[in-house]
Amino acid sequence: VFRNKLTFFAAAKISSSLPPAELPEIAFAGRSNVGKSSLLNALTRQWGVVRTSDKPGLTQTLNFYNLGPKLCLVDLPGYGFAYAKEEVKEAWEELVKEYVSTRVGLRRVCLLIDTKWGMKPRDHELVDLMERSKTKYQIVLTKTDTVFPIDVARRAMQIEESLKAKKSAVQPLMMVSSKTGAGIRSLRTALATVARF
Ligand code: GTP
Ligand code: MG
């Protein structure tokens with residue numbers, strides 16, 4: 001499914017402008033700058049469709065991309081940091097929360113965590129929300145190229161330990177680097193199962 005052409009489908013800033021859920025969706029959530037947009041590029045090998053930036057807070061809307069006629073990938077605005085006004089940030093966060101807890105057709109949320117920094121309170125908040133709403137999610141450790149392999153393993157263990165009690169919706173943890181391509185194929189395989197229904 002990741003060989004399909006990636007095309008921009010819709011952007012939404014408020015819940016009333018969310019597009020109709022016509023395809024199964026996989027959403028990418030996480031703090032600002034964690035590498036959501038870069039991961040979309042790496043997964044689809046179609047650079048240029050999804051914009052990435054050094055400056056945190058680039059993605060300011062929920063962006064929907066169709067992957068052929070099979071799957072929709074959703075790039076969510078990051079939380080925690082943005083060059084934006086406080087009210088604006090709160091509005092995105094509310095929309096992200098509403099989206100992940102109520103969206104029909106949402107099959108999986110990849111919650112991206114920077115391997116170097118680990119999970120922060122905001123990440124745990126989102127996990128709790130997804131547990132309550134029974135949204136299927138999986139943790140994806142990003143930028144594994146920025147730390148030693150031993151630290152990647154340590155981080156993975158630490159997070160698995162902290163989520164041990166929450167088994168209802170959590171899927172196996174994955175580790176990726178969009179820069180080197182490490183782990184991208186495995187994640188593609190894991191997510192491809194979501195497209196079939
Ligand atoms: P927002 O849109 O602000 O929420 O950020 P984002 O999560 O979409 O992050 P984005 O993909 O724009 O990447 C942020 C920065 O991290 C960019 O400078 C990327 O080049 C860098 N980056 C992304 N993935 C990797 C990776 O695997 N390794 C390294 N070393 N850098 C990465
Ligand atoms: Mg982005």
# chains A, B, ... in the order shown; residues from 1 in each chain; ligands from 1
>>> residues_near_ligand(ligand="ligand 1", cutoff="9 Å", atoms="only C-alpha atoms and all ligand atoms", output="number ranges by chain")
A: 28-42, 50-60, 75-82, 112, 142-146, 176-182
>>> write_last_selection(atoms="C-alpha atoms", output="PDB file, in the first residue's frame")
ATOM      1  CA  PHE A  28       0.814  10.517  13.347  1.00  0.00           C
ATOM      2  CA  ALA A  29       0.832  12.324  16.671  1.00  0.00           C
ATOM      3  CA  GLY A  30       3.489  13.637  18.986  1.00  0.00           C
ATOM      4  CA  ARG A  31       5.316  16.653  20.270  1.00  0.00           C
ATOM      5  CA  SER A  32       6.419  19.352  17.926  1.00  0.00           C
ATOM      6  CA  ASN A  33       9.603  18.559  16.036  1.00  0.00           C
ATOM      7  CA  VAL A  34       9.516  14.854  16.940  1.00  0.00           C
ATOM      8  CA  GLY A  35       9.633  13.948  13.246  1.00  0.00           C
ATOM      9  CA  LYS A  36       6.013  13.284  12.224  1.00  0.00           C
ATOM     10  CA  SER A  37       6.165  14.884   8.800  1.00  0.00           C
ATOM     11  CA  SER A  38       9.600  13.361   8.098  1.00  0.00           C
ATOM     12  CA  LEU A  39       8.268   9.919   8.954  1.00  0.00           C
ATOM     13  CA  LEU A  40       5.407  10.325   6.481  1.00  0.00           C
ATOM     14  CA  ASN A  41       7.952  11.150   3.813  1.00  0.00           C
ATOM     15  CA  ALA A  42      10.162   8.195   4.709  1.00  0.00           C
ATOM     16  CA  VAL A  50       4.549  16.566   3.162  1.00  0.00           C
ATOM     17  CA  ARG A  51       6.487  19.568   4.435  1.00  0.00           C
ATOM     18  CA  THR A  52       9.035  19.270   7.225  1.00  0.00           C
ATOM     19  CA  SER A  53      11.005  21.930   9.038  1.00  0.00           C
ATOM     20  CA  ASP A  54      13.738  22.659  11.565  1.00  0.00           C
ATOM     21  CA  LYS A  55      11.453  25.160  13.141  1.00  0.00           C
ATOM     22  CA  PRO A  56       9.039  23.419  15.538  1.00  0.00           C
ATOM     23  CA  GLY A  57       5.371  24.023  14.930  1.00  0.00           C
ATOM     24  CA  LEU A  58       5.338  23.925  11.166  1.00  0.00           C
ATOM     25  CA  THR A  59       2.334  21.657  10.880  1.00  0.00           C
ATOM     26  CA  GLN A  60      -0.512  23.812  12.135  1.00  0.00           C
ATOM     27  CA  ASP A  75      -0.209  14.456   9.874  1.00  0.00           C
ATOM     28  CA  LEU A  76      -1.285  16.027  13.157  1.00  0.00           C
ATOM     29  CA  PRO A  77       0.007  19.331  14.505  1.00  0.00           C
ATOM     30  CA  GLY A  78       2.582  18.784  17.232  1.00  0.00           C
ATOM     31  CA  TYR A  79       1.920  19.769  20.789  1.00  0.00           C
ATOM     32  CA  GLY A  80       4.179  21.277  23.414  1.00  0.00           C
ATOM     33  CA  PHE A  81       5.958  23.878  21.362  1.00  0.00           C
ATOM     34  CA  ALA A  82       5.021  26.219  18.586  1.00  0.00           C
ATOM     35  CA  LEU A 112       5.959   9.447  18.004  1.00  0.00           C
ATOM     36  CA  THR A 142      12.045   8.445  16.323  1.00  0.00           C
ATOM     37  CA  LYS A 143      15.491   9.781  15.428  1.00  0.00           C
ATOM     38  CA  THR A 144      17.199   6.598  16.626  1.00  0.00           C
ATOM     39  CA  ASP A 145      20.273   7.772  14.682  1.00  0.00           C
ATOM     40  CA  THR A 146      20.857  10.522  17.247  1.00  0.00           C
ATOM     41  CA  VAL A 176      12.777   4.291  13.399  1.00  0.00           C
ATOM     42  CA  SER A 177      15.108   6.806  11.879  1.00  0.00           C
ATOM     43  CA  SER A 178      13.734   8.747   8.935  1.00  0.00           C
ATOM     44  CA  LYS A 179      17.261   9.907   8.273  1.00  0.00           C
ATOM     45  CA  THR A 180      18.962   6.515   7.899  1.00  0.00           C
ATOM     46  CA  GLY A 181      15.832   4.537   7.061  1.00  0.00           C
ATOM     47  CA  ALA A 182      16.333   2.166   9.991  1.00  0.00           C
TER      48      ALA A 182
END
>>> select_by_dssp(residues="range 4-180 of chain A", states="helix (DSSP H, G or I)", output="ChimeraX atom specification")
/A:15-17,36-44,86-102,121-133,144-146,149-162
>>> select_by_dssp(residues="range 59-195 of chain A", states="strand (DSSP E or B)", output="ChimeraX atom specification")
/A:62-67,71-75,79,106-114,137-142,170-175
>>> residues_around(residues="Leu73 in chain A", least_positions_apart="3", cutoff="9 Å", atoms="only C-alpha atoms", output="list in words")
Leu6, Pro24, Glu25, Ile26, Ala27, Phe28, Leu40, Asn63, Phe64, Tyr65, Asn66 and Leu67 of chain A
>>> closest_residue(among="A:Val49, A:Leu106, A:Ala10, A:Ala156", to="ligand 2", atoms="only C-alpha atoms and all ligand atoms")
A:Val49
>>> residues_around(residues="Gly68 in chain A", least_positions_apart="2", cutoff="8 Å", atoms="only C-alpha atoms", output="list in words")
Val1, Asn4, Lys5, Leu6, Thr7, Asn66, Lys70 and Leu71 of chain A
>>> closest_residue(among="A:Met119, A:Leu187, A:Leu141, A:Ala91", to="Ser15 in chain A", atoms="only C-alpha atoms")
A:Ala91
>>> atom_distance(atom1="CA of Thr193 in chain A", atom2="CA of Val152 in chain A")
25.5 Å
>>> closest_residue(among="A:Val88, A:Ile14, A:Ala21, A:Cys110", to="Ala190 in chain A", atoms="only C-alpha atoms")
A:Cys110
>>> atom_distance(atom1="CA of Ser101 in chain A", atom2="CA of Gly118 in chain A")
22.9 Å
>>> atom_distance(atom1="CA of Glu160 in chain A", atom2="CA of Leu173 in chain A")
7.7 Å
>>> closest_residue(among="A:Leu23, A:Val74, A:Val104, A:Leu18", to="ligand 2", atoms="only C-alpha atoms and all ligand atoms")
A:Val74
>>> closest_residue(among="A:Gln171, A:Ser16, A:Thr115, A:Ser186", to="Ala153 in chain A", atoms="only C-alpha atoms")
A:Thr115
>>> closest_residue(among="A:Leu62, A:Glu125, A:Ile113, A:Thr135", to="ligand 2", atoms="only C-alpha atoms and all ligand atoms")
A:Leu62
